[in-house]
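Here is the file coords-v9.cif (mmCIF, C-alpha atoms).
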```
data_upload
#
loop_
_atom_site.label_atom_id
_atom_site.label_comp_id
_atom_site.auth_asym_id
_atom_site.auth_seq_id
_atom_site.Cartn_x
_atom_site.Cartn_y
_atom_site.Cartn_z
CA MET A 1 109.53 92.59 94.44
CA PRO A 2 106.21 94.42 93.88
CA ARG A 3 106.88 96.78 96.77
CA ALA A 4 106.82 100.05 94.86
CA SER A 5 106.66 101.13 91.25
CA GLY A 6 109.70 103.43 91.35
CA PRO A 7 112.13 105.31 93.56
CA LEU A 8 110.71 107.13 96.55
CA ALA A 9 112.31 110.36 95.33
CA GLU A 10 110.17 110.25 92.18
CA ALA A 11 106.99 109.81 94.22
CA LEU A 12 107.93 112.76 96.44
CA ALA A 13 108.24 114.95 93.36
CA ARG A 14 104.57 114.23 92.60
CA ARG A 15 102.76 113.92 95.92
CA THR A 16 102.81 113.49 99.68
CA VAL A 17 103.80 110.02 100.89
CA LEU A 18 102.58 108.60 104.21
CA LEU A 19 105.09 107.19 106.68
CA ASP A 20 104.31 104.64 109.37
CA GLY A 21 104.22 105.31 113.13
CA GLY A 22 106.19 104.25 116.17
CA LEU A 23 107.43 100.67 116.10
CA SER A 24 108.09 100.45 119.84
CA ASN A 25 104.56 101.35 120.91
CA GLN A 26 103.02 98.94 118.41
CA LEU A 27 105.26 96.11 119.58
CA ALA A 28 104.36 96.91 123.19
CA ASP A 29 100.66 96.85 122.26
CA GLN A 30 101.27 93.41 120.76
CA GLY A 31 102.56 92.25 124.15
CA CYS A 32 106.27 92.26 123.34
CA ASP A 33 109.03 92.79 125.92
CA LEU A 34 111.15 95.81 124.99
CA SER A 35 113.23 95.91 128.18
CA GLY A 36 117.00 96.04 127.93
CA ALA A 37 119.42 98.07 125.86
CA LEU A 38 118.28 96.74 122.47
CA TRP A 39 114.71 98.09 122.79
CA THR A 40 112.90 97.10 119.56
CA GLY A 41 116.07 95.23 118.59
CA ARG A 42 115.27 92.72 121.32
CA VAL A 43 112.02 91.84 119.59
CA LEU A 44 113.84 91.74 116.27
CA ALA A 45 116.21 89.14 117.72
CA GLU A 46 113.71 87.10 119.72
CA ARG A 47 110.31 87.53 118.04
CA PRO A 48 110.79 88.51 114.39
CA ASP A 49 107.21 87.44 113.67
CA GLN A 50 106.01 90.25 115.92
CA VAL A 51 108.11 92.81 114.06
CA GLU A 52 106.59 91.73 110.76
CA ALA A 53 103.12 91.86 112.33
CA ALA A 54 103.75 95.44 113.46
CA HIS A 55 104.85 96.43 109.95
CA ARG A 56 101.74 94.80 108.49
CA ALA A 57 99.54 96.73 110.95
CA TYR A 58 100.95 100.01 109.65
CA ALA A 59 100.63 98.95 106.02
CA ARG A 60 96.97 98.06 106.65
CA ALA A 61 96.51 101.51 108.17
CA GLY A 62 97.70 103.05 104.91
CA ALA A 63 101.41 103.63 105.51
CA GLU A 64 103.40 103.79 102.29
CA VAL A 65 106.83 103.65 103.93
CA LEU A 66 107.82 101.08 106.56
CA ILE A 67 110.84 101.93 108.73
CA THR A 68 112.88 98.93 109.83
CA ALA A 69 113.59 97.76 113.39
CA SER A 70 117.32 98.47 113.05
CA TYR A 71 117.37 101.76 114.98
CA GLN A 72 119.19 100.46 118.05
CA ILE A 73 121.35 97.71 116.51
CA GLY A 74 125.00 98.80 116.75
CA PRO A 75 128.13 97.27 115.23
CA GLY A 76 129.20 95.93 118.62
CA HIS A 77 126.38 93.41 118.78
CA PRO A 78 127.62 89.87 117.97
CA ARG A 79 124.72 89.31 115.55
CA ALA A 80 124.61 92.84 114.19
CA THR A 81 124.86 92.00 110.49
CA ASP A 82 122.30 89.22 110.72
CA LEU A 83 119.84 91.39 112.63
CA LEU A 84 120.29 94.36 110.31
CA HIS A 85 119.59 92.15 107.30
CA ARG A 86 116.61 90.60 109.10
CA SER A 87 115.13 94.02 109.82
CA VAL A 88 115.02 94.86 106.12
CA ASP A 89 113.70 91.44 105.14
CA LEU A 90 110.80 91.63 107.60
CA ALA A 91 109.74 95.08 106.43
CA ALA A 92 110.02 93.94 102.81
CA ARG A 93 107.76 90.96 103.44
CA ALA A 94 105.15 93.22 104.99
CA ALA A 95 105.48 95.63 102.08
CA GLU A 96 104.99 92.85 99.55
CA ALA A 97 101.82 91.74 101.32
CA ALA A 98 100.25 95.21 101.21
CA ASP A 99 97.49 96.13 98.77
CA HIS A 100 99.26 99.36 97.76
CA GLU A 101 102.81 100.34 96.93
CA VAL A 102 105.11 100.46 99.94
CA TRP A 103 108.75 101.47 100.26
CA VAL A 104 111.16 100.06 102.86
CA ALA A 105 113.31 102.57 104.74
CA ALA A 106 116.26 101.11 106.67
CA SER A 107 116.59 102.94 109.97
CA VAL A 108 120.03 104.25 110.86
CA GLY A 109 119.59 105.56 114.38
CA PRO A 110 122.08 107.87 116.10
CA TYR A 111 125.08 106.78 118.13
CA GLY A 112 123.19 107.77 121.27
CA ALA A 113 120.47 105.20 120.59
CA VAL A 114 122.98 102.38 120.93
CA LEU A 115 124.09 103.78 124.30
CA ALA A 116 120.46 103.33 125.45
CA ASP A 117 120.73 106.20 127.92
CA GLY A 118 118.75 108.91 126.16
CA SER A 119 121.87 110.42 124.58
CA GLU A 120 120.10 110.87 121.26
CA TYR A 121 118.13 113.64 122.94
CA ARG A 122 121.32 115.43 123.99
CA GLY A 123 124.01 114.74 121.39
CA ARG A 124 127.59 115.92 121.83
CA TYR A 125 128.92 112.47 122.62
CA GLY A 126 132.53 113.57 122.79
CA LEU A 127 133.37 111.79 119.53
CA SER A 128 134.82 113.38 116.42
CA VAL A 129 133.08 113.36 113.06
CA ARG A 130 135.62 110.79 111.91
CA GLU A 131 134.90 108.53 114.89
CA LEU A 132 131.17 108.78 114.34
CA ALA A 133 131.60 107.92 110.66
CA ALA A 134 133.62 104.85 111.63
CA PHE A 135 130.83 103.77 113.96
CA HIS A 136 128.08 104.19 111.36
CA ARG A 137 129.91 102.83 108.29
CA PRO A 138 129.47 99.07 108.95
CA ARG A 139 125.80 99.56 109.86
CA VAL A 140 125.08 101.45 106.67
CA GLU A 141 126.95 98.89 104.57
CA ALA A 142 125.10 95.98 106.18
CA LEU A 143 121.70 97.60 105.72
CA LEU A 144 122.36 98.47 102.09
CA ALA A 145 123.42 94.88 101.40
CA ALA A 146 119.90 93.81 102.38
CA GLY A 147 118.36 95.99 99.65
CA PRO A 148 116.11 98.62 101.21
CA ASP A 149 114.58 101.31 99.02
CA VAL A 150 116.05 104.15 101.05
CA LEU A 151 117.99 104.80 104.25
CA ALA A 152 116.37 106.70 107.12
CA LEU A 153 119.11 108.68 108.87
CA GLU A 154 116.87 109.60 111.76
CA THR A 155 116.62 111.16 115.22
CA LEU A 156 119.95 112.93 114.83
CA PRO A 157 120.63 115.33 117.72
CA ASP A 158 123.41 117.42 116.23
CA PRO A 159 125.08 118.44 112.96
CA ASP A 160 128.32 116.63 113.80
CA GLU A 161 126.59 113.28 113.55
CA ALA A 162 124.77 114.40 110.41
CA GLU A 163 128.11 115.31 108.86
CA ALA A 164 129.50 111.89 109.78
CA LEU A 165 126.56 110.05 108.26
CA LEU A 166 126.61 112.18 105.13
CA THR A 167 130.29 111.32 104.72
CA VAL A 168 129.42 107.62 104.81
CA LEU A 169 126.42 108.16 102.56
CA ALA A 170 128.55 109.86 99.92
CA GLU A 171 130.74 106.76 99.78
CA THR A 172 127.72 104.63 98.85
CA GLY A 173 125.65 106.91 96.61
CA ALA A 174 122.52 105.43 98.18
CA PRO A 175 119.35 107.52 98.57
CA ALA A 176 118.46 108.58 102.10
CA TRP A 177 116.46 111.03 104.12
CA LEU A 178 118.00 112.91 107.01
CA SER A 179 115.99 113.86 110.05
CA TYR A 180 116.92 115.75 113.20
CA THR A 181 115.25 115.61 116.57
CA VAL A 182 114.71 119.15 117.80
CA ALA A 183 113.60 121.15 120.84
CA ASP A 184 113.12 124.86 121.50
CA GLY A 185 113.71 125.69 117.85
CA ARG A 186 117.20 124.17 117.75
CA THR A 187 118.82 120.77 117.39
CA ARG A 188 118.84 118.75 120.61
CA SER A 189 122.51 119.64 121.06
CA GLY A 190 121.58 123.32 120.87
CA GLY A 191 122.74 124.02 117.33
CA PRO A 192 120.94 126.42 114.95
CA LEU A 193 118.60 124.69 112.53
CA PRO A 194 119.56 126.59 109.35
CA GLU A 195 123.16 125.38 109.63
CA ALA A 196 122.02 121.86 110.41
CA PHE A 197 119.71 121.68 107.41
CA ALA A 198 122.34 123.24 105.15
CA LEU A 199 124.46 120.10 105.52
CA ALA A 200 121.73 117.94 104.01
CA ALA A 201 120.92 120.52 101.35
CA ALA A 202 124.39 120.10 99.90
CA ALA A 203 124.22 116.27 99.74
CA PRO A 204 122.90 114.89 96.43
CA GLU A 205 122.09 111.52 98.03
CA VAL A 206 119.59 113.11 100.43
CA ILE A 207 116.08 112.97 98.96
CA ALA A 208 114.30 114.66 101.90
CA VAL A 209 115.18 116.45 105.11
CA GLY A 210 113.24 117.33 108.23
CA VAL A 211 112.46 116.34 111.81
CA ASN A 212 111.24 113.38 113.81
CA CYS A 213 110.69 112.25 117.41
CA CYS A 214 109.94 115.75 118.60
CA ASP A 215 106.96 117.63 119.97
CA PRO A 216 104.46 118.31 117.15
CA ALA A 217 104.60 122.00 118.06
CA GLU A 218 108.27 122.03 117.01
CA VAL A 219 107.56 120.77 113.51
CA LEU A 220 106.34 123.85 111.63
CA PRO A 221 109.14 126.23 112.73
CA ALA A 222 111.68 123.55 111.87
CA LEU A 223 110.16 122.97 108.44
CA GLU A 224 110.17 126.69 107.76
CA ALA A 225 113.87 126.82 108.70
CA ALA A 226 114.55 123.90 106.37
CA ALA A 227 112.57 125.42 103.51
CA ALA A 228 114.64 128.58 103.77
CA THR A 229 117.77 126.48 103.34
CA THR A 230 116.92 123.82 100.78
CA ARG A 231 114.51 123.04 97.95
CA LYS A 232 114.49 119.35 98.83
CA PRO A 233 111.21 117.75 99.91
CA LEU A 234 110.69 118.01 103.64
CA LEU A 235 109.57 115.40 106.15
CA ALA A 236 107.90 115.34 109.53
CA TYR A 237 107.15 112.45 111.84
CA PRO A 238 106.89 113.72 115.41
CA ASN A 239 105.91 111.84 118.54
CA ASP A 240 102.80 112.72 120.56
CA GLY A 241 104.51 115.46 122.57
CA SER A 242 105.73 113.13 125.31
CA VAL A 243 109.19 113.47 126.87
CA TRP A 244 111.47 110.45 127.32
CA ASP A 245 112.79 109.88 130.85
CA ALA A 246 115.98 107.86 130.39
CA ALA A 247 116.31 107.11 134.12
CA THR A 248 112.93 105.38 134.37
CA ARG A 249 112.78 104.37 130.68
CA THR A 250 109.27 105.80 130.45
CA TRP A 251 107.50 108.50 128.47
CA GLN A 252 106.05 111.48 130.31
CA SER A 253 102.85 112.35 128.45
CA PRO A 254 101.64 115.90 127.80
CA ARG A 255 98.71 117.05 129.91
CA THR A 256 96.59 117.65 126.84
CA PRO A 257 96.90 116.31 123.28
CA VAL A 258 99.17 118.41 121.07
CA PRO A 259 97.61 119.53 117.74
CA TRP A 260 98.95 118.19 114.45
CA PRO A 261 98.51 120.98 111.84
CA THR A 262 99.42 118.71 108.94
CA ASP A 263 97.96 121.08 106.35
CA ALA A 264 100.43 123.73 107.51
CA TRP A 265 103.25 121.21 107.41
CA HIS A 266 102.33 120.36 103.84
CA ARG A 267 102.20 124.02 102.84
CA ALA A 268 105.68 124.42 104.32
CA GLY A 269 106.97 121.68 102.01
CA ALA A 270 106.48 118.41 103.90
CA ARG A 271 106.08 115.51 101.47
CA LEU A 272 106.82 112.68 103.91
CA ILE A 273 104.47 112.79 106.90
CA GLY A 274 103.92 110.18 109.60
CA GLY A 275 104.52 109.50 113.27
CA CYS A 276 107.26 108.44 115.64
CA CYS A 277 107.11 107.16 119.24
CA ARG A 278 103.60 106.66 120.69
CA ILE A 279 101.91 107.23 117.33
CA GLY A 280 100.09 104.04 116.35
CA PRO A 281 98.22 102.61 113.37
CA ALA A 282 94.98 104.39 114.28
CA ARG A 283 96.66 107.80 113.94
CA ILE A 284 98.28 106.76 110.67
CA ALA A 285 94.88 105.64 109.40
CA ASP A 286 93.52 109.07 110.29
CA LEU A 287 96.32 110.70 108.33
CA ALA A 288 95.60 108.41 105.38
CA ALA A 289 91.97 109.50 105.53
CA GLY A 290 92.96 113.15 105.63
CA LYS A 291 91.86 113.69 109.24
#
```
As structure tokens, what does this structure read like?
Amino acid sequence: MPRASGPLAEALARRTVLLDGGLSNQLADQGCDLSGALWTGRVLAERPDQVEAAHRAYARAGAEVLITASYQIGPGHPRATDLLHRSVDLAARAAEAADHEVWVAASVGPYGAVLADGSEYRGRYGLSVRELAAFHRPRVEALLAAGPDVLALETLPDPDEAEALLTVLAETGAPAWLSYTVADGRTRSGGPLPEAFALAAAAPEVIAVGVNCCDPAEVLPALEAAAATTRKPLLAYPNDGSVWDAATRTWQSPRTPVPWPTDAWHRAGARLIGGCCRIGPARIADLAAGK
């Protein structure tokens, strides 16, 4: 497949790589129905053509990494393996159609995402590290069988879940990035960031570490905490500063746009930069153009 000329880790050693934006908002803009517990997974199951179209929109905008629609697909779904494989295949097809090199990152969302109740923004599910590892293991195995370039262990609210995923990752030897969602200078579960980032720093499989799906204002302090803990490349793909209301399943937007000081993020060590929820292709195109 002519998706990319080499491993993503090698590219990160040379330059900054541009991630895509939020899949859910792009699918919604395409007229897709994201209601129900599966969220983007519903579109993956019912309208795979729309998922591929969303990936292509980001590739046209300049994204060099496409994150799959597997975030909310849990092992309890009767078609989990099929849908996980499909998510990688659709992103790969979009990557192959791009006019520049594109990597496919298989999304491994947190346990809380499968609960569909906003738990990924709280963490502390009441499960042990061993139980969380048992939950994630079949998802990781299924995604890797589909052949992505890298795993995206993303939107993690606490170090316990990171430890569980890193345990599973060590069993596979596959490359991955690890990304926490943060608030008020701590993990969403309230843990200190240096300790959280230290877990990833010690994992040879982790090619980058950072934050996603958080207020852009949280990014720089988090990157500085990560840089003090690890020499690994850092990553940042925040949302637009909105807050998710699990009860109404809606985003509460900030009163004014939140600045994106991407130059400062880069100086802090960010080598993977993009957007998460409510960040669309137009914003990614601006990032590609250096705006």
One-decimal distance in Å that lies between CA of Pro238 (chain A) and CA of Cys214 (chain A):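 CA of Pro238 (chain A) lies 4.9 Å from CA of Cys214 (chain A).
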Explicit residues for the PyMOL selection byres ((chain A and resi 12-14) around 10) (as JSON, numbers by chain): {"A": [7, 8, 9, 10, 11, 15, 16, 17, 207, 208, 232, 233, 234, 270, 271, 272]}
Any chance you can output those residues with C-alpha atoms as a tab-separated table (two decimals), keeping the file's coordinate frame?
```
chain	number	residue	atom	x	y	z
A	7	PRO	CA	112.13	105.31	93.56
A	8	LEU	CA	110.71	107.13	96.55
A	9	ALA	CA	112.31	110.36	95.33
A	10	GLU	CA	110.17	110.25	92.18
A	11	ALA	CA	106.99	109.81	94.22
A	15	ARG	CA	102.76	113.92	95.92
A	16	THR	CA	102.81	113.49	99.68
A	17	VAL	CA	103.80	110.02	100.89
A	207	ILE	CA	116.08	112.97	98.96
A	208	ALA	CA	114.30	114.66	101.90
A	232	LYS	CA	114.49	119.35	98.83
A	233	PRO	CA	111.21	117.75	99.91
A	234	LEU	CA	110.69	118.01	103.64
A	270	ALA	CA	106.48	118.41	103.90
A	271	ARG	CA	106.08	115.51	101.47
A	272	LEU	CA	106.82	112.68	103.91
```
Residues matched by the PyMOL selection byres ((chain A and resi 50-61) around 7) as a PyMOL selection string: chain A and resi 20+23+26-27+43-44+47-49+62-64+66+90-91+94+98+281-282+284-285
File of the preceding selection, C-alpha atoms, as a PDB file, keeping the file's coordinate frame:
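So the final result, stored in result17.pdb, reads:
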```
ATOM      1  CA  ASP A  20     104.310 104.640 109.370  1.00  0.00           C
ATOM      2  CA  LEU A  23     107.430 100.670 116.100  1.00  0.00           C
ATOM      3  CA  GLN A  26     103.020  98.940 118.410  1.00  0.00           C
ATOM      4  CA  LEU A  27     105.260  96.110 119.580  1.00  0.00           C
ATOM      5  CA  VAL A  43     112.020  91.840 119.590  1.00  0.00           C
ATOM      6  CA  LEU A  44     113.840  91.740 116.270  1.00  0.00           C
ATOM      7  CA  ARG A  47     110.310  87.530 118.040  1.00  0.00           C
ATOM      8  CA  PRO A  48     110.790  88.510 114.390  1.00  0.00           C
ATOM      9  CA  ASP A  49     107.210  87.440 113.670  1.00  0.00           C
ATOM     10  CA  GLY A  62      97.700 103.050 104.910  1.00  0.00           C
ATOM     11  CA  ALA A  63     101.410 103.630 105.510  1.00  0.00           C
ATOM     12  CA  GLU A  64     103.400 103.790 102.290  1.00  0.00           C
ATOM     13  CA  LEU A  66     107.820 101.080 106.560  1.00  0.00           C
ATOM     14  CA  LEU A  90     110.800  91.630 107.600  1.00  0.00           C
ATOM     15  CA  ALA A  91     109.740  95.080 106.430  1.00  0.00           C
ATOM     16  CA  ALA A  94     105.150  93.220 104.990  1.00  0.00           C
ATOM     17  CA  ALA A  98     100.250  95.210 101.210  1.00  0.00           C
ATOM     18  CA  PRO A 281      98.220 102.610 113.370  1.00  0.00           C
ATOM     19  CA  ALA A 282      94.980 104.390 114.280  1.00  0.00           C
ATOM     20  CA  ILE A 284      98.280 106.760 110.670  1.00  0.00           C
ATOM     21  CA  ALA A 285      94.880 105.640 109.400  1.00  0.00           C
TER      22      ALA A 285
END
```
Given the PyMOL selection byres ((chain A and resi 224) around 12), the residues it picks as a ChimeraX atom specification: /A:185,193-194,197,209-211,218-223,225-231,233-236,264-270
CA of Pro192 (chain A) to CA of Tyr71 (chain A), distance in Å rounded to a single decimal: 24.9 Å
Which residue of A:Leu165, A:Arg42, A:Asp158, A:Arg278 approaches Trp251 (chain A) most closely, using all atoms listed in the file: A:Arg278
Taking the block just given, write region 193-240 of chain A to a file that holds C-alpha atoms, as a tab-separated table (two decimals), in the first residue's frame.
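Written out: out02.tsv:
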```tsv
chain	number	residue	atom	x	y	z
A	193	LEU	CA	0.35	14.75	34.96
A	194	PRO	CA	4.05	13.98	35.60
A	195	GLU	CA	3.17	10.56	37.02
A	196	ALA	CA	0.74	9.90	34.19
A	197	PHE	CA	3.26	10.75	31.49
A	198	ALA	CA	5.98	8.75	33.25
A	199	LEU	CA	4.07	5.55	32.48
A	200	ALA	CA	4.32	6.17	28.75
A	201	ALA	CA	7.92	7.33	29.01
A	202	ALA	CA	8.93	3.89	30.21
A	203	ALA	CA	7.15	2.01	27.37
A	204	PRO	CA	9.34	1.35	24.31
A	205	GLU	CA	6.27	0.75	22.12
A	206	VAL	CA	5.01	4.31	22.68
A	207	ILE	CA	6.24	6.60	19.90
A	208	ALA	CA	4.56	9.80	21.18
A	209	VAL	CA	2.67	10.99	24.23
A	210	GLY	CA	0.43	13.95	24.92
A	211	VAL	CA	-3.16	15.16	25.19
A	212	ASN	CA	-6.37	15.23	23.19
A	213	CYS	CA	-10.04	16.19	23.51
A	214	CYS	CA	-9.31	18.96	25.97
A	215	ASP	CA	-9.53	22.73	26.05
A	216	PRO	CA	-6.73	24.21	23.90
A	217	ALA	CA	-5.66	26.28	26.92
A	218	GLU	CA	-4.77	23.03	28.72
A	219	VAL	CA	-2.36	21.88	26.02
A	220	LEU	CA	0.81	23.87	26.69
A	221	PRO	CA	1.02	23.18	30.46
A	222	ALA	CA	0.41	19.50	29.77
A	223	LEU	CA	3.10	19.38	27.09
A	224	GLU	CA	5.55	21.08	29.42
A	225	ALA	CA	4.77	18.46	32.09
A	226	ALA	CA	5.32	15.71	29.54
A	227	ALA	CA	8.57	17.21	28.28
A	228	ALA	CA	9.91	17.25	31.82
A	229	THR	CA	9.21	13.53	32.06
A	230	THR	CA	10.10	12.06	28.68
A	231	ARG	CA	12.18	12.73	25.58
A	232	LYS	CA	9.56	11.12	23.34
A	233	PRO	CA	7.86	13.25	20.70
A	234	LEU	CA	4.76	14.94	22.05
A	235	LEU	CA	1.30	15.27	20.56
A	236	ALA	CA	-1.65	17.61	20.86
A	237	TYR	CA	-5.09	17.42	19.32
A	238	PRO	CA	-7.54	19.37	21.47
A	239	ASN	CA	-11.18	20.16	20.81
A	240	ASP	CA	-12.46	23.71	20.37
```
